[in-house]
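Written below as structure tokens is the structure these notes are about.
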Amino acid sequence: MVRPVARPDPSRMINALEIRGLEKTYANGFRALKGIDLHVPNGDFLALLGPNGAGKSTTIGIISSLVRKSAGTVSVFGVDLDQDPQKAKSLLGIVPQELNFSMFETCLDILVHQAGYYGIRRRVALERAERYLMQLGLWEKRNDQSRTLSGGLKRRLMIARALVHEPQMLILDEPTAGVDVELRRSMWSFLLDINNRGTTIVLTTHYLEEAESLCRNIAIIDKGQIIESTSMKSLLAKLNTHTFIMDLDRPYDSLPLVHGYSLHAIDPTTVEVELTKEQDMNELFLKLTESNVRIRSMRNKSNRLEELFIRLVESNKLN
Amino acid sequence: MNSEGLFVAFCTILDKEVGRFLRIWAQTIVPPAVSMALYFMIFGHLIGPRIGEMGGFTYMQFIAPGLIMMSIINNAYANVVSSFFGAKFQKHLEEMLVAPIPNWIILAGYVGGGVARGLAVGLVVSGIALLFTHLHVRHFLVVIAVVLLTSVLFSLAGLINAIYARKFDDISIIPTFVLTPLIYLGGVFYSINLLPDFWQAVSRANPVLYMVNAFRYGLLGTSDVDVTMALLVITAFVVALTAFALLLLERGTGIKT
Ligand SMILES: Nc1ncnc2c1ncn2[C@@H]1O[C@H](COP(=O)(O)OP(=O)(O)OP(=O)(O)O)[C@@H](O)[C@H]1O
Ligand SMILES: [Mg+2]
């Protein structure tokens, strides 16, 4: 008996974004990108992480045709940026790191004009503007000049503007910088929602918690090179130690030696402990109890991704 | 984009540009109206009668076409140079650069905005001229052609200036040191027949002379230069500057890093 062969879905096979050998040397001779390769599958939610000055915005600038590349190729849903820039641009929505709308236009005008630049007729543009201003909580402010918005709302306005032509891929450069916790959470659920409905998303952020809770895949860029590109899951699995901080009930002059565990005091009432995957906490607690050390509370030292991130960047520094 | 999309994009830029200068009308429409009223009053009304006739007309009538042309030139230029440089400076030019708009549409949209401002101010100034003297159009097509071509030409020049400009100073240097002398020496206030032969020949190298005289011909029926020649000269400049501006946009000069 012949089993039916599962037909690959062609739209799934084309990468939403494909970057090969991307290099950028700025006019002052600075090499911001030193040969970047990156593939973002259709429908993905990718975090592009990296320390300040790593080259994230430069990469995004090249994808959005605002920065000229020095070498390499970029294609969006199989459309090469050099060969058919108009087509590639129409598939992309960009939320830049820095505010770049006219401060004297109203929110509504900004969206309707942006739609117009994509050739969308005014009637349709108005409908879309209404929808996205509503979804991003800006409808009340539609007739206000953009400069009167608060910082967080300005960021949202840029997201609404990037969506008005309904792109298939949305690239956001630090969309939540300076956005309060509540607004940030609602932005997350908004992004997850449009991702679930099929929009591929690439996002840069310095809040690693954000990357961890939103993104399926992750790429880390440092000094113009990709130093890690994998799924969030397998990256976190790499982390085989875990650091906890314990608050003690009272100050202790010295800590008991607990065999096999690395403990060190940060101050007389706080202790840091590093556990490997194989170790368990019961034994540690038992031994501490025996030595009359009482623990009042305990927490993760930091976000796990943050630890990994720091390690990767540190080890890249040594190379 | 298909042709409908291109048209929508063009109309969007034009709409934004016209909206911009109308919103700040006190900075864009009122100042030229005030300064032209002063020119008419001082040169036309007070000094004019002592000068007597020029080119067979009262001095007021002689300078009216020149002053209208001067305001069209200044305002077409100013509109594009300040709007485009402002868009570059505030970065919202990026809104167009990330969108699938071909450069020639961006160019057409900004030039359309400059032409609209040139026409708007030209009409206001013509209205003011009518308070002082009477004007009637003798050669309608010449008037239309010369006004459109001239405002296109100086819109293009303003665009090129804005592309190269890096700071605010850079957008006032050209108007002050190039545009104003060309206009003042371009036969707005006198007929070049008053000049010695040598300076007449020099004046003929000034493109503004052709615009002012062609426009004067359209209104008064008199000109220091051949009108067909004048229209050809202006058209040649328009073609050359269009090509140059497109080349700069294509290269991303002053826009892309
Ligand atoms: N126009 C420019 N000319 C020269 N160097 C530049 C220019 N723009 C950026 N750079 C340099 O290129 C490097 C990468 O900058 P980029 O903005 O891409 O970093 P980033 O990863 O986005 O950083 P951040 O997290 O701070 O936003 C930096 O060292 C920066 O100083
Ligand atoms: Mg950046």
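Within each chain, counting starts at residue 1; across the structure tokens, chains are named A, B, ... in the order shown, with ligands numbered 1 upward in that order.
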Long-range neighbours of stretch 253-258 of chain A as a list in words, 10 Å cut-off, only C-alpha atoms, 6 positions minimum in chain: His264, Ala265, Asp267, Pro268, Thr269, Val271, Glu283, Leu284, Phe285, Lys287, Leu288, Glu290, Ser291, Asn292 and Val293 of chain A
Output N, CA, C and O atoms for every residue in that selection, as a PDB file, in the first residue's frame.
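Generated output (again.pdb):
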```
ATOM      1  N   HIS A 264      26.930  31.600  48.532  1.00  0.00           N
ATOM      2  CA  HIS A 264      27.737  32.696  49.026  1.00  0.00           C
ATOM      3  C   HIS A 264      26.870  33.858  49.490  1.00  0.00           C
ATOM      4  O   HIS A 264      25.799  34.114  48.946  1.00  0.00           O
ATOM      5  N   ALA A 265      27.368  34.504  50.540  1.00  0.00           N
ATOM      6  CA  ALA A 265      26.593  35.562  51.178  1.00  0.00           C
ATOM      7  C   ALA A 265      26.763  36.864  50.417  1.00  0.00           C
ATOM      8  O   ALA A 265      27.876  37.248  50.071  1.00  0.00           O
ATOM      9  N   ASP A 267      25.009  39.657  51.658  1.00  0.00           N
ATOM     10  CA  ASP A 267      25.139  40.431  52.885  1.00  0.00           C
ATOM     11  C   ASP A 267      24.695  39.493  54.002  1.00  0.00           C
ATOM     12  O   ASP A 267      24.261  38.374  53.729  1.00  0.00           O
ATOM     13  N   PRO A 268      24.786  39.929  55.255  1.00  0.00           N
ATOM     14  CA  PRO A 268      24.515  38.990  56.361  1.00  0.00           C
ATOM     15  C   PRO A 268      23.119  38.338  56.332  1.00  0.00           C
ATOM     16  O   PRO A 268      22.927  37.287  56.936  1.00  0.00           O
ATOM     17  N   THR A 269      22.147  38.933  55.621  1.00  0.00           N
ATOM     18  CA  THR A 269      20.821  38.293  55.606  1.00  0.00           C
ATOM     19  C   THR A 269      20.436  37.736  54.249  1.00  0.00           C
ATOM     20  O   THR A 269      19.328  37.269  54.057  1.00  0.00           O
ATOM     21  N   VAL A 271      21.574  35.300  50.833  1.00  0.00           N
ATOM     22  CA  VAL A 271      22.487  34.278  50.326  1.00  0.00           C
ATOM     23  C   VAL A 271      22.112  33.921  48.894  1.00  0.00           C
ATOM     24  O   VAL A 271      20.944  33.843  48.552  1.00  0.00           O
ATOM     25  N   GLU A 283      17.415  18.707  49.882  1.00  0.00           N
ATOM     26  CA  GLU A 283      18.620  18.418  50.633  1.00  0.00           C
ATOM     27  C   GLU A 283      19.247  19.691  51.189  1.00  0.00           C
ATOM     28  O   GLU A 283      19.678  19.739  52.343  1.00  0.00           O
ATOM     29  N   LEU A 284      19.224  20.699  50.361  1.00  0.00           N
ATOM     30  CA  LEU A 284      19.783  21.980  50.777  1.00  0.00           C
ATOM     31  C   LEU A 284      19.032  22.522  52.000  1.00  0.00           C
ATOM     32  O   LEU A 284      19.634  22.905  53.001  1.00  0.00           O
ATOM     33  N   PHE A 285      17.709  22.491  51.905  1.00  0.00           N
ATOM     34  CA  PHE A 285      16.899  22.997  53.020  1.00  0.00           C
ATOM     35  C   PHE A 285      17.139  22.190  54.295  1.00  0.00           C
ATOM     36  O   PHE A 285      17.253  22.732  55.386  1.00  0.00           O
ATOM     37  N   LYS A 287      19.796  20.541  55.173  1.00  0.00           N
ATOM     38  CA  LYS A 287      21.087  20.841  55.789  1.00  0.00           C
ATOM     39  C   LYS A 287      21.080  22.204  56.466  1.00  0.00           C
ATOM     40  O   LYS A 287      21.668  22.387  57.521  1.00  0.00           O
ATOM     41  N   LEU A 288      20.401  23.152  55.826  1.00  0.00           N
ATOM     42  CA  LEU A 288      20.343  24.489  56.421  1.00  0.00           C
ATOM     43  C   LEU A 288      19.541  24.453  57.711  1.00  0.00           C
ATOM     44  O   LEU A 288      19.896  25.085  58.707  1.00  0.00           O
ATOM     45  N   GLU A 290      19.248  21.897  59.699  1.00  0.00           N
ATOM     46  CA  GLU A 290      20.110  21.267  60.706  1.00  0.00           C
ATOM     47  C   GLU A 290      21.051  22.286  61.336  1.00  0.00           C
ATOM     48  O   GLU A 290      21.327  22.243  62.532  1.00  0.00           O
ATOM     49  N   SER A 291      21.546  23.222  60.509  1.00  0.00           N
ATOM     50  CA  SER A 291      22.473  24.222  61.037  1.00  0.00           C
ATOM     51  C   SER A 291      21.746  25.423  61.622  1.00  0.00           C
ATOM     52  O   SER A 291      22.362  26.472  61.839  1.00  0.00           O
ATOM     53  N   ASN A 292      20.417  25.280  61.796  1.00  0.00           N
ATOM     54  CA  ASN A 292      19.641  26.351  62.407  1.00  0.00           C
ATOM     55  C   ASN A 292      19.558  27.631  61.579  1.00  0.00           C
ATOM     56  O   ASN A 292      19.365  28.697  62.122  1.00  0.00           O
ATOM     57  N   VAL A 293      19.733  27.497  60.287  1.00  0.00           N
ATOM     58  CA  VAL A 293      19.549  28.669  59.413  1.00  0.00           C
ATOM     59  C   VAL A 293      18.129  28.617  58.864  1.00  0.00           C
ATOM     60  O   VAL A 293      17.722  27.605  58.299  1.00  0.00           O
TER      61      VAL A 293
END
```
7 Å contacts from chain B to chain A using only C-alpha atoms, as number ranges by chain: B: 1, 5-6, 8-9, 12, 90-92, 95-101, 256-257
Distance filter 9 Å around ligand 1, atoms: only C-alpha atoms and all ligand atoms, out as a PyMOL selection string: (chain A and resi 24-33+49-61+67+97+173-174+204-206+221-224) or (chain B and resi 257)
Expected file contents, prior selection, N, CA and C atoms, as a compact mmCIF listing (two decimals), in the first residue's frame:
```txt
# COMPACT_ATOMS: atom_id res chain seq x y z
N LYS A 24 27.28 45.97 6.63
CA LYS A 24 27.09 47.41 6.55
C LYS A 24 28.31 48.10 7.11
N THR A 25 28.91 48.95 6.29
CA THR A 25 29.98 49.82 6.76
C THR A 25 29.48 51.24 6.60
N TYR A 26 29.39 51.97 7.71
CA TYR A 26 28.90 53.35 7.63
C TYR A 26 29.95 54.25 7.00
N ALA A 27 29.51 55.44 6.60
CA ALA A 27 30.39 56.38 5.89
C ALA A 27 31.67 56.68 6.69
N ASN A 28 31.58 56.64 8.03
CA ASN A 28 32.77 56.94 8.84
C ASN A 28 33.71 55.72 8.96
N GLY A 29 33.39 54.66 8.21
CA GLY A 29 34.26 53.48 8.21
C GLY A 29 33.89 52.43 9.24
N PHE A 30 32.87 52.71 10.06
CA PHE A 30 32.49 51.76 11.11
C PHE A 30 31.73 50.57 10.54
N ARG A 31 32.21 49.36 10.89
CA ARG A 31 31.53 48.15 10.39
C ARG A 31 30.44 47.73 11.37
N ALA A 32 29.23 48.11 11.07
CA ALA A 32 28.12 47.83 11.99
C ALA A 32 27.60 46.41 11.82
N LEU A 33 27.63 45.88 10.61
CA LEU A 33 27.22 44.49 10.37
C LEU A 33 28.32 43.77 9.63
N LEU A 49 17.64 39.98 19.63
CA LEU A 49 18.19 40.59 20.84
C LEU A 49 19.65 40.98 20.62
N GLY A 50 20.12 41.86 21.46
CA GLY A 50 21.52 42.24 21.38
C GLY A 50 21.75 43.48 22.21
N PRO A 51 22.97 43.64 22.71
CA PRO A 51 23.25 44.83 23.52
C PRO A 51 23.18 46.11 22.68
N ASN A 52 23.23 47.25 23.33
CA ASN A 52 23.23 48.54 22.63
C ASN A 52 24.36 48.57 21.61
N GLY A 53 24.02 49.03 20.42
CA GLY A 53 25.04 49.18 19.39
C GLY A 53 25.41 47.90 18.67
N ALA A 54 24.62 46.82 18.90
CA ALA A 54 24.93 45.53 18.30
C ALA A 54 24.70 45.51 16.80
N GLY A 55 23.75 46.33 16.35
CA GLY A 55 23.43 46.36 14.92
C GLY A 55 21.99 45.99 14.61
N LYS A 56 21.14 45.96 15.63
CA LYS A 56 19.72 45.61 15.41
C LYS A 56 19.02 46.64 14.53
N SER A 57 19.15 47.90 14.92
CA SER A 57 18.46 48.94 14.15
C SER A 57 19.05 49.08 12.75
N THR A 58 20.34 48.85 12.63
CA THR A 58 20.95 48.90 11.31
C THR A 58 20.34 47.83 10.41
N THR A 59 20.19 46.62 10.96
CA THR A 59 19.59 45.53 10.20
C THR A 59 18.17 45.90 9.78
N ILE A 60 17.40 46.42 10.72
CA ILE A 60 16.02 46.78 10.42
C ILE A 60 15.98 47.94 9.42
N GLY A 61 16.92 48.87 9.58
CA GLY A 61 17.00 49.99 8.63
C GLY A 61 17.22 49.49 7.21
N VAL A 67 18.34 52.38 5.09
CA VAL A 67 19.80 52.32 5.19
C VAL A 67 20.30 51.48 4.02
N GLN A 97 12.64 52.52 15.79
CA GLN A 97 13.03 52.78 17.18
C GLN A 97 12.73 54.22 17.58
N ASP A 173 11.03 47.77 16.26
CA ASP A 173 12.31 48.06 16.90
C ASP A 173 12.05 48.70 18.26
N GLU A 174 12.19 47.91 19.29
CA GLU A 174 11.94 48.36 20.67
C GLU A 174 10.59 49.08 20.85
N THR A 204 12.59 43.66 18.37
CA THR A 204 13.78 43.81 19.20
C THR A 204 13.33 44.39 20.53
N THR A 205 14.03 44.03 21.56
CA THR A 205 13.67 44.53 22.88
C THR A 205 14.85 44.36 23.81
N HIS A 206 14.89 45.17 24.84
CA HIS A 206 15.89 44.95 25.89
C HIS A 206 15.24 44.32 27.11
N ILE A 221 22.30 39.10 18.40
CA ILE A 221 23.30 39.76 17.56
C ILE A 221 24.21 40.55 18.49
N ASP A 222 25.49 40.46 18.19
CA ASP A 222 26.45 41.22 19.00
C ASP A 222 27.58 41.68 18.11
N LYS A 223 27.96 42.91 18.21
CA LYS A 223 29.03 43.50 17.40
C LYS A 223 28.89 43.14 15.92
N GLY A 224 27.67 43.23 15.44
CA GLY A 224 27.47 43.04 14.01
C GLY A 224 27.46 41.60 13.54
N THR B 257 21.39 56.68 4.69
CA THR B 257 22.76 56.53 5.18
C THR B 257 23.42 55.32 4.53
```
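Taking atom CA of B:Ala240 as the reference point, atom CA of B:Val143 is found at 22.1 Å.
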DSSP-assigned strand (DSSP E or B) among stretch 62-254 of chain A, expressed as a ChimeraX atom specification: /A:71-76,79-80,92-95,106,145,169-173,200-204,217-222,225-231,241-248
Residue nearest ligand 2 - candidates A:Leu157, A:Met134, A:Leu17, A:Ala177, atoms counted: only C-alpha atoms and all ligand atoms: A:Ala177
Find the residues near B:Ile72: any atom within 6 Å, counting only C-alpha atoms, skip ones fewer than 3 places away on the same chain, and give them as a compact mmCIF listing (two decimals) with all heavy atoms, in the first residue's frame.
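Generated file (result.txt):
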```txt
# COMPACT_ATOMS: atom_id res chain seq x y z
N MET B 69 5.24 87.57 -10.64
CA MET B 69 6.15 86.47 -10.96
C MET B 69 7.12 86.22 -9.81
O MET B 69 7.42 85.09 -9.45
CB MET B 69 6.94 86.84 -12.22
CG MET B 69 7.25 85.67 -13.07
SD MET B 69 5.74 84.77 -13.31
CE MET B 69 6.31 83.40 -14.15
N ASN B 75 7.62 81.70 -3.60
CA ASN B 75 6.77 80.83 -2.80
C ASN B 75 6.79 79.38 -3.24
O ASN B 75 6.72 78.48 -2.41
CB ASN B 75 5.35 81.38 -2.75
CG ASN B 75 5.27 82.53 -1.77
OD1 ASN B 75 5.19 82.32 -0.58
ND2 ASN B 75 5.39 83.75 -2.28
N ALA B 76 6.92 79.16 -4.55
CA ALA B 76 7.06 77.77 -5.01
C ALA B 76 8.33 77.18 -4.40
O ALA B 76 8.33 76.08 -3.85
CB ALA B 76 7.11 77.73 -6.53
N GLY B 118 2.58 78.46 -5.13
CA GLY B 118 2.92 79.52 -6.07
C GLY B 118 1.66 80.14 -6.66
O GLY B 118 1.50 81.36 -6.71
N GLY B 122 0.29 83.76 -6.02
CA GLY B 122 0.19 84.54 -7.26
C GLY B 122 -1.19 85.18 -7.39
O GLY B 122 -1.31 86.35 -7.77
```
Which of stretch 140-243 of chain A DSSP labels helix (DSSP H, G or I), written as number ranges by chain: A: 140-141, 146-148, 151-163, 181-196, 208-214, 232-238
Polymer residues at most 12 Å from A:Ile245, only C-alpha atoms, same-chain spacing of 6 or more positions, as a PyMOL selection string: chain A and resi 263-267+269-275+295-302
What does the file look like for those residues with all heavy atoms, as a short mmCIF file (atom, residue, chain, number, x, y, z; two decimals), in the first residue's frame?
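Printed below is result32.cif as written:
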```
data_model
loop_
_atom_site.label_atom_id
_atom_site.label_comp_id
_atom_site.auth_asym_id
_atom_site.auth_seq_id
_atom_site.Cartn_x
_atom_site.Cartn_y
_atom_site.Cartn_z
N LEU A 263 27.25 28.15 47.95
CA LEU A 263 26.49 29.21 48.60
C LEU A 263 27.43 30.39 48.75
O LEU A 263 28.61 30.21 49.04
CB LEU A 263 26.10 28.79 50.02
CG LEU A 263 25.06 27.73 50.23
CD1 LEU A 263 24.85 27.52 51.72
CD2 LEU A 263 23.76 28.10 49.56
N HIS A 264 26.93 31.60 48.53
CA HIS A 264 27.74 32.70 49.03
C HIS A 264 26.87 33.86 49.49
O HIS A 264 25.80 34.11 48.95
CB HIS A 264 28.86 33.10 48.07
CG HIS A 264 28.42 33.89 46.90
ND1 HIS A 264 28.08 33.28 45.71
CD2 HIS A 264 28.29 35.22 46.72
CE1 HIS A 264 27.74 34.21 44.86
NE2 HIS A 264 27.86 35.40 45.43
N ALA A 265 27.37 34.50 50.54
CA ALA A 265 26.59 35.56 51.18
C ALA A 265 26.76 36.86 50.42
O ALA A 265 27.88 37.25 50.07
CB ALA A 265 27.06 35.73 52.61
N ILE A 266 25.65 37.50 50.14
CA ILE A 266 25.71 38.82 49.51
C ILE A 266 25.82 39.87 50.61
O ILE A 266 26.58 40.81 50.54
CB ILE A 266 24.46 39.08 48.65
CG1 ILE A 266 24.37 38.01 47.56
CG2 ILE A 266 24.51 40.46 48.02
CD1 ILE A 266 23.11 38.06 46.76
N ASP A 267 25.01 39.66 51.66
CA ASP A 267 25.14 40.43 52.88
C ASP A 267 24.70 39.49 54.00
O ASP A 267 24.26 38.37 53.73
CB ASP A 267 24.34 41.74 52.79
CG ASP A 267 22.87 41.52 52.56
OD1 ASP A 267 22.26 40.76 53.35
OD2 ASP A 267 22.30 42.08 51.60
N THR A 269 22.15 38.93 55.62
CA THR A 269 20.82 38.29 55.61
C THR A 269 20.44 37.74 54.25
O THR A 269 19.33 37.27 54.06
CB THR A 269 19.71 39.29 56.03
OG1 THR A 269 19.74 40.38 55.11
CG2 THR A 269 19.90 39.80 57.45
N THR A 270 21.36 37.82 53.29
CA THR A 270 21.01 37.36 51.94
C THR A 270 22.07 36.39 51.40
O THR A 270 23.26 36.65 51.49
CB THR A 270 20.90 38.55 50.96
OG1 THR A 270 20.31 39.65 51.65
CG2 THR A 270 20.06 38.20 49.76
N VAL A 271 21.57 35.30 50.83
CA VAL A 271 22.49 34.28 50.33
C VAL A 271 22.11 33.92 48.89
O VAL A 271 20.94 33.84 48.55
CB VAL A 271 22.39 33.00 51.19
CG1 VAL A 271 23.26 31.88 50.61
CG2 VAL A 271 22.81 33.29 52.61
N GLU A 272 23.15 33.74 48.10
CA GLU A 272 22.90 33.33 46.72
C GLU A 272 23.32 31.88 46.58
O GLU A 272 24.37 31.48 47.09
CB GLU A 272 23.76 34.21 45.82
CG GLU A 272 23.31 34.25 44.39
CD GLU A 272 24.18 35.21 43.59
OE1 GLU A 272 23.97 36.43 43.68
OE2 GLU A 272 25.07 34.73 42.88
N VAL A 273 22.50 31.10 45.87
CA VAL A 273 22.86 29.71 45.68
C VAL A 273 22.67 29.32 44.21
O VAL A 273 21.70 29.71 43.57
CB VAL A 273 22.04 28.77 46.61
CG1 VAL A 273 20.55 28.95 46.38
CG2 VAL A 273 22.44 27.32 46.40
N GLU A 274 23.67 28.59 43.69
CA GLU A 274 23.57 28.16 42.30
C GLU A 274 23.29 26.66 42.28
O GLU A 274 24.04 25.87 42.83
CB GLU A 274 24.87 28.48 41.58
CG GLU A 274 24.72 28.47 40.08
CD GLU A 274 25.98 28.96 39.38
OE1 GLU A 274 26.53 30.01 39.80
OE2 GLU A 274 26.40 28.30 38.43
N LEU A 275 22.19 26.29 41.64
CA LEU A 275 21.80 24.88 41.59
C LEU A 275 21.97 24.37 40.17
O LEU A 275 21.60 25.06 39.22
CB LEU A 275 20.33 24.71 41.98
CG LEU A 275 19.93 24.99 43.42
CD1 LEU A 275 18.45 24.77 43.59
CD2 LEU A 275 20.71 24.09 44.37
N ILE A 295 15.05 30.13 56.48
CA ILE A 295 14.86 30.90 55.25
C ILE A 295 13.46 31.50 55.23
O ILE A 295 12.48 30.78 55.42
CB ILE A 295 15.04 30.00 54.01
CG1 ILE A 295 16.46 29.42 54.02
CG2 ILE A 295 14.80 30.77 52.72
CD1 ILE A 295 16.53 28.07 53.42
N ARG A 296 13.43 32.78 55.04
CA ARG A 296 12.13 33.45 55.06
C ARG A 296 11.49 33.47 53.66
O ARG A 296 10.32 33.22 53.50
CB ARG A 296 12.32 34.87 55.57
CG ARG A 296 11.02 35.54 55.92
CD ARG A 296 11.24 36.72 56.82
NE ARG A 296 11.19 36.39 58.22
CZ ARG A 296 11.68 37.17 59.18
NH1 ARG A 296 12.32 38.28 58.86
NH2 ARG A 296 11.58 36.83 60.44
N SER A 297 12.28 33.76 52.65
CA SER A 297 11.72 33.77 51.28
C SER A 297 12.83 33.49 50.28
O SER A 297 14.02 33.57 50.60
CB SER A 297 11.08 35.12 50.98
OG SER A 297 12.08 36.11 50.99
N MET A 298 12.39 33.19 49.09
CA MET A 298 13.36 32.84 48.06
C MET A 298 12.84 33.30 46.70
O MET A 298 11.66 33.31 46.44
CB MET A 298 13.52 31.33 48.04
CG MET A 298 14.65 30.87 47.18
SD MET A 298 14.86 29.10 47.29
CE MET A 298 13.60 28.55 46.20
N ARG A 299 13.76 33.74 45.83
CA ARG A 299 13.33 34.14 44.47
C ARG A 299 14.42 33.82 43.46
O ARG A 299 15.57 33.58 43.81
CB ARG A 299 12.98 35.63 44.45
CG ARG A 299 14.14 36.52 44.82
CD ARG A 299 13.65 37.93 45.17
NE ARG A 299 14.43 38.49 46.25
CZ ARG A 299 15.56 39.19 46.08
NH1 ARG A 299 16.02 39.39 44.87
NH2 ARG A 299 16.23 39.65 47.10
N ASN A 300 14.02 33.86 42.18
CA ASN A 300 14.97 33.70 41.09
C ASN A 300 15.92 34.88 41.08
O ASN A 300 15.48 36.01 41.27
CB ASN A 300 14.21 33.75 39.76
CG ASN A 300 13.82 32.37 39.31
OD1 ASN A 300 14.41 31.38 39.71
ND2 ASN A 300 12.81 32.32 38.48
N LYS A 301 17.18 34.63 40.82
CA LYS A 301 18.09 35.77 40.77
C LYS A 301 17.69 36.73 39.66
O LYS A 301 17.63 37.92 39.83
CB LYS A 301 19.52 35.31 40.55
CG LYS A 301 20.46 36.51 40.55
CD LYS A 301 21.89 36.11 40.31
CE LYS A 301 22.77 37.35 40.30
NZ LYS A 301 24.12 37.02 39.93
N SER A 302 17.45 36.19 38.49
CA SER A 302 16.99 37.05 37.40
C SER A 302 16.25 36.17 36.43
O SER A 302 16.21 34.96 36.56
CB SER A 302 18.17 37.71 36.72
OG SER A 302 19.00 36.70 36.19
#
```
Distance of atom CA of A:Leu192 from atom CA of A:Arg20, expressed in Å to one decimal place: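 Taking atom CA of A:Arg20 and atom CA of A:Leu192, their separation equals 27.5 Å.
With only C-alpha atoms and all ligand atoms as the basis for measurement, A:Pro175 is the residue among A:Ile14, A:Tyr132, A:Ile159, A:Pro175 that approaches ligand 2 most closely.
Nearest residue to A:Leu48, choosing from A:Ser315, A:Thr73, A:Asn196, A:Gln225 and counting only C-alpha atoms: A:Gln225.
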